[in-house]
$ cat coords_38.cif   # mmCIF, C-alpha atoms
data_data
#
loop_
_atom_site.label_atom_id
_atom_site.label_comp_id
_atom_site.auth_asym_id
_atom_site.auth_seq_id
_atom_site.Cartn_x
_atom_site.Cartn_y
_atom_site.Cartn_z
CA MET A 1 0.00 0.00 0.00
CA ARG A 2 1.32 3.44 -0.91
CA PRO A 3 1.43 6.05 1.86
CA ILE A 4 -0.18 9.41 1.28
CA GLN A 5 2.01 11.85 -0.66
CA LEU A 6 1.06 15.53 -0.45
CA VAL A 7 2.72 17.94 -2.85
CA ASN A 8 4.56 20.84 -1.28
CA SER A 9 2.10 23.46 -2.48
CA VAL A 10 -0.79 21.62 -0.84
CA LEU A 11 1.16 21.20 2.38
CA VAL A 12 1.72 24.94 2.50
CA ALA A 13 -1.90 25.70 1.67
CA LEU A 14 -3.20 23.41 4.36
CA ALA A 15 -0.71 24.70 6.94
CA LEU A 16 -0.57 21.40 8.78
CA VAL A 17 0.56 21.84 12.37
CA ALA A 18 2.34 18.78 13.72
CA CYS A 19 3.16 20.06 17.17
CA ALA A 20 1.03 19.80 20.30
CA PRO A 21 -1.85 17.76 18.86
CA GLU A 22 -5.26 18.57 20.32
CA ALA A 23 -6.05 14.91 20.93
CA GLU A 24 -4.47 11.54 20.38
CA GLY A 25 -4.51 10.61 16.73
CA SER A 26 -5.20 14.07 15.33
CA ILE A 27 -3.46 17.32 14.51
CA ALA A 28 -4.72 20.83 13.90
CA VAL A 29 -5.58 21.50 10.26
CA ASP A 30 -5.93 25.06 9.02
CA ARG A 31 -9.00 25.11 6.76
CA ALA A 32 -8.58 28.75 5.72
CA GLY A 33 -9.67 29.11 2.12
CA LEU A 34 -11.43 25.73 2.20
CA GLU A 35 -14.86 26.91 3.29
CA GLY A 36 -17.41 24.48 1.89
CA ARG A 37 -14.64 22.11 0.74
CA SER A 38 -13.58 20.33 3.93
CA ALA A 39 -15.14 17.33 5.63
CA GLU A 40 -14.63 14.95 8.51
CA LEU A 41 -15.38 11.25 8.08
CA VAL A 42 -16.41 9.94 11.48
CA PHE A 43 -16.34 6.19 12.21
CA THR A 44 -17.97 5.60 15.58
CA ALA A 45 -17.63 2.77 18.08
CA ASP A 46 -21.12 1.40 17.23
CA PHE A 47 -20.04 0.87 13.60
CA GLN A 48 -21.81 3.90 12.19
CA GLN A 49 -20.32 6.31 9.69
CA ARG A 50 -21.18 9.93 9.03
CA VAL A 51 -19.87 12.86 7.03
CA GLU A 52 -19.55 16.24 8.69
CA GLY A 53 -18.97 18.99 6.17
CA ALA A 54 -18.76 18.65 2.39
CA LEU A 55 -16.77 16.20 0.27
CA VAL A 56 -15.87 18.39 -2.72
CA ALA A 57 -13.17 17.93 -5.33
CA GLY A 58 -10.23 20.20 -4.57
CA GLY A 59 -10.88 20.08 -0.83
CA ILE A 60 -9.74 17.84 2.00
CA ALA A 61 -11.15 15.22 4.33
CA THR A 62 -9.90 14.08 7.72
CA ILE A 63 -10.75 10.78 9.39
CA THR A 64 -11.84 10.34 12.99
CA TYR A 65 -11.75 6.65 13.83
CA ASP A 66 -12.72 5.00 17.12
CA ALA A 67 -10.07 2.34 17.67
CA SER A 68 -12.55 0.15 19.60
CA ARG A 69 -14.03 -0.82 16.21
CA LEU A 70 -10.92 -2.85 15.39
CA THR A 71 -9.19 -4.58 18.31
CA THR A 72 -7.78 -7.61 16.52
CA CYS A 73 -4.13 -6.64 17.05
CA ARG A 74 -2.91 -5.23 20.35
CA GLY A 75 0.29 -5.48 22.36
CA GLU A 76 3.10 -3.42 23.83
CA ARG A 77 6.85 -3.18 23.62
CA TYR A 78 8.88 -1.27 26.19
CA GLY A 79 5.66 0.12 27.60
CA ASN A 80 4.49 1.63 24.30
CA PRO A 81 1.84 0.47 21.82
CA ALA A 82 3.23 -2.03 19.34
CA TRP A 83 0.21 -1.82 17.04
CA SER A 84 -1.29 0.68 14.65
CA ILE A 85 -4.40 1.24 12.53
CA SER A 86 -4.14 2.68 9.03
CA ALA A 87 -6.93 4.00 6.83
CA HIS A 88 -6.44 2.94 3.22
CA TYR A 89 -8.34 4.83 0.55
CA ARG A 90 -8.66 5.36 -3.16
CA ILE A 91 -10.51 7.90 -5.25
CA ALA A 92 -12.41 6.97 -8.42
CA GLY A 93 -10.68 3.57 -8.56
CA GLY A 94 -7.20 5.11 -8.59
CA ASP A 95 -4.08 4.35 -6.57
CA VAL A 96 -4.43 3.12 -2.99
CA ARG A 97 -3.00 5.48 -0.38
CA SER A 98 -2.89 5.37 3.41
CA VAL A 99 -3.05 7.57 6.48
CA HIS A 100 -2.44 6.67 10.11
CA VAL A 101 -5.51 6.89 12.40
CA ALA A 102 -4.69 5.11 15.69
CA GLY A 103 -1.98 3.39 17.71
CA HIS A 104 1.75 3.75 17.13
CA ALA A 105 2.83 6.19 14.41
CA PRO A 106 6.35 6.08 12.98
CA ALA A 107 6.58 9.88 13.22
CA PRO A 108 4.39 12.49 14.92
CA ASP A 109 3.80 14.38 11.68
CA GLN A 110 2.05 11.32 10.20
CA VAL A 111 -0.79 11.54 12.70
CA GLY A 112 -4.07 12.92 11.41
CA LEU A 113 -2.91 13.82 7.90
CA PRO A 114 -5.81 14.87 5.68
CA ILE A 115 -6.89 13.22 2.46
CA GLU A 116 -6.58 15.29 -0.69
CA LEU A 117 -9.86 15.07 -2.60
CA THR A 118 -8.13 15.22 -5.96
CA GLN A 119 -11.20 14.62 -8.16
CA ALA A 120 -14.91 13.99 -8.10
CA GLY A 121 -16.11 10.40 -7.87
CA GLU A 122 -16.30 7.62 -5.34
CA LEU A 123 -14.07 7.62 -2.26
CA GLU A 124 -13.45 4.14 -0.83
CA VAL A 125 -12.09 3.77 2.71
CA TRP A 126 -11.11 0.69 4.70
CA PHE A 127 -8.97 0.07 7.77
CA GLU A 128 -6.11 -2.29 8.63
CA ASN A 129 -4.89 -3.14 12.13
CA THR A 130 -1.33 -4.49 12.36
CA SER A 131 1.18 -5.16 15.11
CA SER A 132 4.90 -5.74 15.36
CA PHE A 133 4.10 -9.35 16.27
CA GLY A 134 2.75 -10.11 12.76
CA CYS A 135 -0.96 -9.74 13.52
CA GLN A 136 -3.36 -8.32 10.90
CA GLY A 137 -7.06 -7.40 11.06
CA TRP A 138 -9.53 -5.50 8.89
CA ASP A 139 -12.53 -3.17 9.15
CA SER A 140 -13.80 -3.02 5.56
CA ALA A 141 -17.58 -3.58 5.57
CA PHE A 142 -16.83 -7.27 4.95
CA GLY A 143 -14.66 -6.45 1.95
CA ALA A 144 -17.09 -4.01 0.30
CA ASN A 145 -15.26 -0.96 1.76
CA TYR A 146 -16.94 2.19 3.03
CA ARG A 147 -17.98 4.40 0.14
CA PHE A 148 -18.61 8.12 -0.09
CA THR A 149 -19.27 10.49 -2.96
CA ILE A 150 -16.94 13.39 -3.74
CA GLU A 151 -18.95 16.08 -5.49
CA ALA A 152 -17.52 18.11 -8.35
CA ALA A 153 -16.27 21.51 -7.35
CA PRO A 154 -18.74 24.24 -8.25
CA THR A 155 -17.36 26.21 -11.14
CA ASP A 156 -20.26 28.49 -11.96
CA GLU A 157 -22.04 31.30 -10.20
CA ALA A 158 -25.13 30.38 -8.18
CA PRO A 159 -28.26 31.19 -10.24
CA ILE A 160 -30.40 34.21 -9.33
CA ALA A 161 -33.60 35.47 -10.94
CA ARG A 162 -34.13 39.14 -10.08
CA PHE A 163 -37.46 40.91 -10.29
CA PRO A 164 -36.68 44.64 -9.79
CA ALA A 165 -39.17 47.37 -8.92
CA SER A 166 -38.97 48.72 -12.48
CA GLY A 167 -40.44 45.49 -13.87
CA GLY A 168 -39.09 42.70 -16.03
CA ILE A 169 -36.70 39.93 -15.00
CA SER A 170 -32.94 39.41 -15.15
CA VAL A 171 -31.24 36.06 -14.69
CA SER A 172 -27.60 35.44 -13.80
CA GLY A 173 -25.49 32.43 -12.90
CA ASP A 174 -25.57 28.79 -13.92
CA VAL A 175 -29.27 27.93 -14.20
CA ARG A 176 -29.12 24.15 -14.38
CA GLN A 177 -30.95 21.17 -13.05
CA SER A 178 -29.78 20.19 -9.54
CA ALA A 179 -28.96 23.82 -8.64
CA ARG A 180 -30.98 26.06 -6.28
CA LEU A 181 -32.46 29.16 -7.89
CA THR A 182 -32.71 32.24 -5.68
CA ILE A 183 -35.69 34.46 -6.42
CA GLU A 184 -35.01 38.09 -5.52
CA TYR A 185 -38.31 39.95 -5.65
CA ASP A 186 -38.82 43.66 -4.98
CA VAL A 187 -42.17 43.69 -3.17
CA SER A 188 -42.90 47.22 -4.43
CA ARG A 189 -43.72 45.58 -7.80
CA LEU A 190 -46.95 44.29 -6.26
CA PRO A 191 -48.22 46.86 -3.72
CA GLN A 192 -51.98 46.36 -3.97
CA CYS A 193 -52.72 44.25 -0.86
CA ARG A 194 -51.22 45.91 2.18
CA ASP A 195 -53.66 44.92 4.91
CA THR A 196 -52.80 45.49 8.55
CA ARG A 197 -54.06 43.83 11.72
CA TYR A 198 -53.45 45.19 15.22
CA GLY A 199 -51.10 47.70 13.67
CA LEU A 200 -48.92 45.04 12.04
CA PRO A 201 -48.53 44.00 8.37
CA ALA A 202 -51.07 41.33 7.42
CA TRP A 203 -50.10 40.51 3.84
CA SER A 204 -47.75 38.17 2.00
CA ILE A 205 -46.30 37.56 -1.46
CA LEU A 206 -45.84 34.04 -2.84
CA ALA A 207 -43.71 32.99 -5.82
CA HIS A 208 -45.55 30.20 -7.62
CA TYR A 209 -43.68 27.94 -10.03
CA ARG A 210 -44.41 25.20 -12.54
CA PHE A 211 -41.94 22.76 -14.10
CA PRO A 212 -42.41 21.21 -17.58
CA SER A 213 -43.82 18.00 -16.05
CA GLY A 214 -46.62 20.02 -14.45
CA ARG A 215 -45.15 19.87 -10.97
CA THR A 216 -46.09 23.05 -9.13
CA GLY A 217 -45.25 24.67 -5.83
CA TYR A 218 -44.61 27.99 -4.18
CA VAL A 219 -42.17 29.74 -1.88
CA PRO A 220 -42.79 32.90 0.15
CA VAL A 221 -40.88 36.00 -0.97
CA THR A 222 -42.45 38.52 1.40
CA SER A 223 -39.00 39.15 2.85
CA GLY A 224 -37.63 39.82 -0.63
CA SER A 225 -36.24 36.41 -1.57
CA GLY A 226 -36.93 32.68 -1.73
CA VAL A 227 -35.22 29.56 -3.08
CA ILE A 228 -36.45 26.91 -5.53
CA ASP A 229 -34.78 23.52 -6.09
CA LEU A 230 -34.39 23.05 -9.84
CA VAL A 231 -35.47 19.43 -9.97
CA GLU A 232 -36.27 19.45 -13.71
CA SER A 233 -34.76 20.92 -16.85
CA GLY A 234 -36.69 22.88 -19.44
CA GLU A 235 -38.82 25.98 -19.12
CA LEU A 236 -39.66 27.02 -15.56
CA GLN A 237 -42.71 29.26 -15.22
CA LEU A 238 -42.92 31.82 -12.41
CA TRP A 239 -45.71 34.10 -11.24
CA PHE A 240 -46.39 36.03 -8.04
CA GLU A 241 -49.42 36.40 -5.82
CA ASN A 242 -50.03 39.16 -3.28
CA GLN A 243 -52.49 38.15 -0.53
CA GLY A 244 -54.03 40.35 2.16
CA TYR A 245 -55.57 39.23 5.43
CA TYR A 246 -59.02 40.49 4.45
CA GLY A 247 -59.18 38.69 1.10
CA CYS A 248 -57.35 41.03 -1.23
CA ARG A 249 -55.46 39.25 -4.06
CA ALA A 250 -53.25 40.66 -6.80
CA TRP A 251 -50.95 39.08 -9.40
CA ASP A 252 -47.65 39.68 -11.17
CA SER A 253 -47.87 37.17 -14.02
CA LEU A 254 -47.52 39.03 -17.36
CA ASP A 255 -51.32 38.96 -17.61
CA GLY A 256 -51.38 35.19 -17.13
CA ALA A 257 -48.52 34.37 -19.52
CA ASN A 258 -46.09 33.94 -16.58
CA HIS A 259 -42.40 34.75 -16.40
CA ARG A 260 -40.10 32.13 -17.97
CA VAL A 261 -36.64 30.85 -17.02
CA VAL A 262 -34.82 28.16 -19.02
CA VAL A 263 -33.18 25.46 -16.89
CA ASP A 264 -30.31 23.57 -18.51
CA ALA A 265 -30.27 19.77 -18.27
CA ASP A 266 -27.94 17.80 -16.03
CA PRO A 267 -27.24 14.38 -17.64
CA ARG A 268 -26.89 12.65 -14.26
CA ALA A 269 -30.04 14.13 -12.72
CA PRO A 270 -33.09 11.92 -12.22
CA GLY A 271 -36.03 12.51 -14.50
CA TRP A 272 -38.50 12.58 -11.61
CA MET A 273 -38.62 12.10 -7.82
CA GLY A 274 -41.64 11.98 -5.55
CA ASN A 275 -44.39 9.84 -4.05
CA ALA A 276 -42.65 10.34 -0.70
CA ALA A 277 -44.45 8.75 2.24
CA SER A 278 -43.96 7.46 5.76
CA VAL A 279 -45.29 4.12 7.00
CA ILE A 280 -45.69 3.21 10.68
CA ASP A 281 -47.99 0.19 10.98
CA ARG A 282 -48.35 -3.37 12.24
CA MET A 283 -50.01 -4.41 8.98
CA THR A 284 -47.83 -5.70 6.13
CA CYS A 285 -48.52 -6.49 2.47
CA ASP A 286 -45.29 -8.07 1.25
CA GLY A 287 -43.75 -4.90 2.65
CA PRO A 288 -45.67 -1.73 3.48
CA CYS A 289 -49.35 -1.61 2.58
CA ASP A 290 -50.42 1.21 0.26
CA ALA A 291 -53.22 2.06 2.70
CA SER A 292 -50.62 2.72 5.41
CA ARG A 293 -48.73 5.37 3.41
CA ARG A 294 -48.90 8.94 4.72
CA PRO A 295 -47.57 11.93 2.73
CA LEU A 296 -44.12 12.83 3.97
CA GLU A 297 -44.98 16.52 3.95
CA ASN A 298 -47.44 15.87 6.80
CA GLY A 299 -44.64 14.75 9.14
CA TRP A 300 -44.73 11.69 11.38
CA THR A 301 -44.16 10.64 14.99
CA TYR A 302 -41.98 7.65 15.83
CA GLY A 303 -43.20 6.97 19.35
CA THR A 304 -43.68 4.04 21.68
CA TYR A 305 -46.15 2.37 19.29
CA ALA A 306 -43.54 2.40 16.53
CA ARG A 307 -40.84 1.16 18.91
CA GLN A 308 -42.84 -1.65 20.49
CA ARG A 309 -45.52 -2.79 18.05
CA ALA A 310 -45.13 -1.56 14.49
CA ALA A 311 -43.81 -4.10 11.98
CA ILE A 312 -42.90 -1.40 9.45
CA ARG A 313 -41.53 2.03 10.37
CA ALA A 314 -39.79 3.58 7.40
CA ILE A 315 -39.76 6.35 4.81
CA TYR A 316 -40.22 5.62 1.11
CA PHE A 317 -39.87 7.63 -2.09
CA ASP A 318 -39.67 6.86 -5.79
CA VAL A 319 -37.15 7.86 -8.45
CA TRP A 320 -37.45 7.60 -12.22
CA LYS A 321 -34.65 8.00 -14.73
CA GLU A 322 -35.03 6.79 -18.28
CA GLY A 323 -32.76 3.87 -19.09
CA VAL A 324 -31.78 3.46 -15.43
CA THR A 325 -34.81 2.59 -13.29
CA ASP A 326 -37.11 1.06 -15.91
CA PHE A 327 -35.51 -2.40 -15.86
CA ASP A 328 -33.84 -4.73 -13.35
CA ASN A 329 -30.61 -2.75 -13.29
CA ALA A 330 -27.79 -4.51 -11.47
CA ASN A 331 -25.75 -1.31 -11.68
CA LEU A 332 -28.44 0.87 -10.10
CA TRP A 333 -26.29 1.49 -7.01
CA ALA A 334 -23.67 3.18 -9.22
CA ASP A 335 -26.09 5.00 -11.53
CA LEU A 336 -28.04 6.64 -8.71
CA ASP A 337 -26.29 8.12 -5.67
CA VAL A 338 -29.13 8.34 -3.13
CA GLN A 339 -28.48 9.97 0.23
CA VAL A 340 -30.36 11.38 3.20
CA HIS A 341 -29.07 14.50 4.96
CA TYR A 342 -30.34 15.03 8.51
CA ARG A 343 -29.79 16.86 11.76
CA TRP A 344 -31.35 16.76 15.23
CA ARG A 345 -30.75 20.38 16.15
CA SER A 346 -32.30 23.48 14.61
CA SER A 347 -28.85 24.61 13.45
CA GLY A 348 -25.51 23.01 12.71
CA ALA A 349 -24.15 20.62 10.11
CA PHE A 350 -26.21 17.90 8.50
CA GLN A 351 -25.11 14.28 8.78
CA THR A 352 -25.25 12.12 5.66
CA ARG A 353 -25.88 8.45 5.02
CA TYR A 354 -26.86 6.38 2.01
CA VAL A 355 -30.44 5.25 1.38
CA ARG A 356 -30.95 1.71 0.17
CA PHE A 357 -32.93 0.52 -2.85
CA PHE A 358 -36.14 -1.24 -1.82
CA ARG A 359 -37.69 -2.53 -5.05
CA ARG A 360 -38.95 -1.54 -8.47
CA VAL A 361 -42.48 -0.12 -8.73
CA GLY A 362 -43.39 0.00 -12.41
CA ASN A 363 -40.63 2.01 -14.07
CA ASP A 364 -39.60 3.66 -10.80
CA ALA A 365 -37.00 2.68 -8.22
CA ARG A 366 -38.40 2.84 -4.70
CA TYR A 367 -36.01 3.66 -1.86
CA GLU A 368 -36.45 2.87 1.82
CA LEU A 369 -35.02 4.64 4.87
CA PRO A 370 -35.78 2.84 8.17
CA MET A 371 -36.58 5.57 10.69
CA ALA A 372 -34.44 3.82 13.30
CA GLU A 373 -31.34 4.76 11.26
CA ILE A 374 -31.85 8.46 12.04
CA ASP A 375 -33.28 8.06 15.56
CA PRO A 376 -31.49 10.38 18.04
CA LEU A 377 -33.18 8.66 20.99
CA ALA A 378 -31.79 5.20 20.18
CA GLY A 379 -29.45 3.92 22.84
CA PRO A 380 -29.49 2.33 26.29
CA TYR A 381 -32.95 1.64 27.70
CA THR A 382 -32.31 4.09 30.53
CA ARG A 383 -29.51 6.66 30.37
CA THR A 384 -27.36 6.62 33.48
CA ASP A 385 -24.62 9.01 32.40
CA PRO A 386 -24.73 12.33 30.46
CA SER A 387 -22.32 10.88 27.90
CA GLN A 388 -25.19 8.64 26.75
CA CYS A 389 -27.47 11.60 25.99
CA PRO A 390 -28.46 12.36 22.39
CA ASP A 391 -27.07 15.38 20.58
CA ALA A 392 -30.56 16.75 19.96
CA ASP A 393 -32.97 19.47 21.03
CA LEU A 394 -35.13 17.67 23.59
CA ARG A 395 -38.57 18.76 24.79
CA VAL A 396 -41.02 17.27 27.31
CA SER A 397 -44.62 16.52 26.34
CA GLY A 398 -47.46 18.48 27.93
CA ASP A 399 -48.39 15.57 30.21
CA GLY A 400 -44.76 15.16 31.29
CA VAL A 401 -44.66 11.48 30.29
CA TYR A 402 -42.63 11.64 27.08
CA VAL A 403 -39.51 13.29 25.68
CA ALA A 404 -39.42 14.21 21.99
CA ALA A 405 -36.81 15.36 19.48
CA ASN A 406 -37.29 16.53 15.91
CA VAL A 407 -35.27 15.42 12.92
CA GLU A 408 -34.91 17.75 9.93
CA TYR A 409 -33.97 15.99 6.71
CA TYR A 410 -33.99 15.96 2.91
CA PHE A 411 -32.81 13.56 0.21
CA THR A 412 -30.50 13.91 -2.79
CA VAL A 413 -30.31 11.74 -5.90
CA ASN A 414 -27.18 12.42 -7.92
CA GLY A 415 -27.04 15.79 -6.21
CA VAL A 416 -30.64 16.81 -6.96
CA ALA A 417 -32.59 17.54 -3.78
CA LEU A 418 -35.97 16.09 -2.82
CA ARG A 419 -37.69 18.42 -0.37
CA ARG A 420 -41.24 19.56 0.31
CA ALA A 421 -43.14 21.30 -2.47
CA ASP A 422 -42.53 24.68 -0.82
CA GLY A 423 -38.75 24.09 -0.82
CA ALA A 424 -38.53 23.45 2.93
CA ASN A 425 -36.93 20.36 4.43
CA PHE A 426 -38.97 17.47 5.80
CA PHE A 427 -39.48 17.02 9.54
CA GLY A 428 -40.29 14.05 11.78
CA THR A 429 -40.57 13.52 15.52
CA PHE A 430 -38.98 10.83 17.67
CA GLU A 431 -40.52 10.20 21.07
CA ASP A 432 -39.82 7.95 24.07
CA TYR A 433 -40.59 7.69 27.78
CA ARG A 434 -39.26 10.55 29.87
CA ASN A 435 -37.96 8.33 32.66
CA GLN A 436 -35.44 6.82 30.23
CA LEU A 437 -33.95 10.22 29.40
CA GLU A 438 -34.37 12.08 32.70
CA ILE A 439 -30.63 12.57 33.13
CA CYS A 440 -30.50 14.34 29.74
CA LEU A 441 -33.06 17.02 30.60
CA PRO A 442 -32.01 20.46 31.86
#
$ encode --input "coords_38.cif" --output "structure tokens"
Amino acid sequence: MRPIQLVNSVLVALALVACAPEAEGSIAVDRAGLEGRSAELVFTADFQQRVEGALVAGGIATITYDASRLTTCRGERYGNPAWSISAHYRIAGGDVRSVHVAGHAPAPDQVGLPIELTQAGELEVWFENTSSFGCQGWDSAFGANYRFTIEAAPTDEAPIARFPASGGISVSGDVRQSARLTIEYDVSRLPQCRDTRYGLPAWSILAHYRFPSGRTGYVPVTSGSGVIDLVESGELQLWFENQGYYGCRAWDSLDGANHRVVVDADPRAPGWMGNAASVIDRMTCDGPCDASRRPLENGWTYGTYARQRAAIRAIYFDVWKEGVTDFDNANLWADLDVQVHYRWRSSGAFQTRYVRFFRRVGNDARYELPMAEIDPLAGPYTRTDPSQCPDADLRVSGDGVYVAANVEYYFTVNGVALRRADGANFFGTFEDYRNQLEICLP
């Protein structure tokens, strides 16, 4: 296996500091100039993996590895560890390289070196435990390796559609499928409905949109801006509605012709995504029953019924892409990169994990995310130490019996986001008995 080789210019740019490490197995890494292009791959003791930050070509990734995952080889010599754990990796099927992550390191400056994300594509990672006594052990997902997607570095300006007070529309940036289009709307264009209630503004302006498939939605732009996920290519229609509290309505729509923005195609983007639903039920029908499906936009609660009695407790959604999902495609896992991005606090970084293929439904591929995989309340039956508490915003139910935590999440398929029709992320609620989490409450 080839050790990692960083060119001098990258070493200078990263400003790696090898003295006084903050913790065993890591060094300080200066991420100046790498905003949005640095990530941490975290491998936890319970054999979970998550990505914190963004894996983007041209950036870096560091690995945090809990050595209790791989204890095959241990031993000491002269009172010091005589074993080590290396992370081997390769990008887009290229050369195998290695970084040290735990145990004895030949030199201090080899501890915690970052991975150069040299190109977009698949990043494979696996771990090897060795000792000076000839022992060897592996943590490699049973030979399949742990796999992550490095996104291409953005090279174009984020797209913006501006609607100035003088009228008309101007569009700038890379308006393409899989991007997010910012709508900047000067509300003085549509001043008709300016109702007030109790001395406060009681009006709103909505940006309605329609994609070529007929999919419609809206986002509020009362504050002057809103964001639309460009999930389809072709001609995007936009029109605006001013609503007042007392029933006033006015329109900015070119007299019903609507404003038009052309969205360029992305060859890797799915043709369609939707039919998103949650299922929490004891009843099964060779999987979830259609009658048990609830629209994902309505939210869901994963409570004691789901934990103790439900046979199915999962999220489902469908994806269609011509020539990819409309047959039994053995290469579907490579053609469609399907991920969920989630967090348990109202702010902070999203965690990421892959979503597995469930089965074909007509010409669509249906994906399944078991809710337990993103459950912040999973853990010991009763917490006895604060270190066991979830990293989530906890709240107590009105009757004082339960503790709940929200999860905010959305999906991506080859980089194209699946969110609610209004552009907001999905939400769900996890709930369990208060007495199990009492030590975690303020």
$ residues_near_point --input "coords_38.cif" --point "(-10.1, 1.3, 8.1)" --cutoff "9 Å" --atoms "all atoms listed in the file" --output "PyMOL selection string"
chain A and resi 43+65+70+85-89+101+125-129+138-140+145-146
$ closest_atom_pairs --input "coords_38.cif" --of "stretch 400-429 of chain A" --to "stretch 353-358 of chain A" --cutoff "10 Å" --atoms "all atoms listed in the file" --output "Markdown table"
| residue | atom | partner | partner_atom | distance |
| --- | --- | --- | --- | --- |
| A:Phe411 | CA | A:Val355 | CA | 8.7 |
| A:Thr412 | CA | A:Val355 | CA | 9.6 |
| A:Val413 | CA | A:Val355 | CA | 9.8 |
$ closest_residue --input "coords_38.cif" --among "A:Ala306, A:Val279, A:Ile169, A:Val221" --to "A:Ser253" --atoms "only C-alpha atoms"
A:Ile169
$ closest_residue --input "coords_38.cif" --among "A:Asp46, A:Leu418, A:His100, A:Pro159" --to "A:Ala378" --atoms "all atoms listed in the file"
A:Asp46
$ closest_residue --input "coords_38.cif" --among "A:Asn275, A:Leu238, A:Arg176, A:Ile160" --to "A:Ala257" --atoms "all atoms listed in the file"
A:Leu238
$ closest_residue --input "coords_38.cif" --among "A:Asp318, A:Arg360, A:Ala269, A:Arg434" --to "A:Leu336" --atoms "all atoms listed in the file"
A:Ala269
$ residues_around --input "coords_38.cif" --residues "stretch 372-376 of chain A" --least-positions-apart "3" --cutoff "7 Å" --atoms "all atoms listed in the file" --output "number ranges by chain"
A: 344, 390, 392, 430
$ residues_around --input "coords_38.cif" --residues "A:Asp432" --least-positions-apart "6" --cutoff "12 Å" --atoms "all atoms listed in the file" --output "mmCIF file with C-alpha atoms, in the frame of the given file"
data_model
loop_
_atom_site.group_PDB
_atom_site.id
_atom_site.type_symbol
_atom_site.label_atom_id
_atom_site.label_comp_id
_atom_site.auth_asym_id
_atom_site.auth_seq_id
_atom_site.Cartn_x
_atom_site.Cartn_y
_atom_site.Cartn_z
ATOM 1 C CA THR A 301 -44.160 10.640 14.990
ATOM 2 C CA TYR A 302 -41.980 7.650 15.830
ATOM 3 C CA GLY A 303 -43.200 6.970 19.350
ATOM 4 C CA THR A 304 -43.680 4.040 21.680
ATOM 5 C CA TYR A 305 -46.150 2.370 19.290
ATOM 6 C CA ALA A 306 -43.540 2.400 16.530
ATOM 7 C CA ARG A 307 -40.840 1.160 18.910
ATOM 8 C CA GLN A 308 -42.840 -1.650 20.490
ATOM 9 C CA ASP A 375 -33.280 8.060 15.560
ATOM 10 C CA PRO A 376 -31.490 10.380 18.040
ATOM 11 C CA LEU A 377 -33.180 8.660 20.990
ATOM 12 C CA ALA A 378 -31.790 5.200 20.180
ATOM 13 C CA GLY A 379 -29.450 3.920 22.840
ATOM 14 C CA PRO A 380 -29.490 2.330 26.290
ATOM 15 C CA TYR A 381 -32.950 1.640 27.700
ATOM 16 C CA THR A 382 -32.310 4.090 30.530
ATOM 17 C CA LEU A 394 -35.130 17.670 23.590
ATOM 18 C CA ARG A 395 -38.570 18.760 24.790
ATOM 19 C CA VAL A 396 -41.020 17.270 27.310
ATOM 20 C CA SER A 397 -44.620 16.520 26.340
ATOM 21 C CA GLY A 400 -44.760 15.160 31.290
ATOM 22 C CA VAL A 401 -44.660 11.480 30.290
ATOM 23 C CA TYR A 402 -42.630 11.640 27.080
ATOM 24 C CA VAL A 403 -39.510 13.290 25.680
ATOM 25 C CA ALA A 404 -39.420 14.210 21.990
ATOM 26 C CA ALA A 405 -36.810 15.360 19.480
ATOM 27 C CA GLU A 438 -34.370 12.080 32.700
#
$ resolve_selection --input "coords_38.cif" --expression "the PyMOL selection byres ((chain A and resi 66) around 6)" --output "ChimeraX atom specification"
/A:44-45,65,67-68
$ write_last_selection --input "coords_38.cif" --atoms "C-alpha atoms" --output "PDB file, in the frame of the given file"
ATOM      1  CA  THR A  44     -17.970   5.600  15.580  1.00  0.00           C
ATOM      2  CA  ALA A  45     -17.630   2.770  18.080  1.00  0.00           C
ATOM      3  CA  TYR A  65     -11.750   6.650  13.830  1.00  0.00           C
ATOM      4  CA  ALA A  67     -10.070   2.340  17.670  1.00  0.00           C
ATOM      5  CA  SER A  68     -12.550   0.150  19.600  1.00  0.00           C
TER       6      SER A  68
END
$ resolve_selection --input "coords_38.cif" --expression "the PyMOL selection byres ((chain A and resi 417) around 12)" --output "short mmCIF file (atom, residue, chain, number, x, y, z; two decimals) with C-alpha atoms, in the coordinates of the input"
data_model
loop_
_atom_site.label_atom_id
_atom_site.label_comp_id
_atom_site.auth_asym_id
_atom_site.auth_seq_id
_atom_site.Cartn_x
_atom_site.Cartn_y
_atom_site.Cartn_z
CA GLN A 177 -30.95 21.17 -13.05
CA SER A 178 -29.78 20.19 -9.54
CA ALA A 179 -28.96 23.82 -8.64
CA ARG A 180 -30.98 26.06 -6.28
CA ILE A 228 -36.45 26.91 -5.53
CA ASP A 229 -34.78 23.52 -6.09
CA LEU A 230 -34.39 23.05 -9.84
CA VAL A 231 -35.47 19.43 -9.97
CA GLU A 232 -36.27 19.45 -13.71
CA ALA A 269 -30.04 14.13 -12.72
CA PRO A 270 -33.09 11.92 -12.22
CA TRP A 272 -38.50 12.58 -11.61
CA MET A 273 -38.62 12.10 -7.82
CA GLY A 274 -41.64 11.98 -5.55
CA VAL A 319 -37.15 7.86 -8.45
CA ASP A 337 -26.29 8.12 -5.67
CA VAL A 338 -29.13 8.34 -3.13
CA GLN A 339 -28.48 9.97 0.23
CA VAL A 340 -30.36 11.38 3.20
CA HIS A 341 -29.07 14.50 4.96
CA TYR A 409 -33.97 15.99 6.71
CA TYR A 410 -33.99 15.96 2.91
CA PHE A 411 -32.81 13.56 0.21
CA THR A 412 -30.50 13.91 -2.79
CA VAL A 413 -30.31 11.74 -5.90
CA ASN A 414 -27.18 12.42 -7.92
CA GLY A 415 -27.04 15.79 -6.21
CA VAL A 416 -30.64 16.81 -6.96
CA LEU A 418 -35.97 16.09 -2.82
CA ARG A 419 -37.69 18.42 -0.37
CA ARG A 420 -41.24 19.56 0.31
CA ALA A 421 -43.14 21.30 -2.47
CA GLY A 423 -38.75 24.09 -0.82
CA ALA A 424 -38.53 23.45 2.93
CA ASN A 425 -36.93 20.36 4.43
CA PHE A 426 -38.97 17.47 5.80
#
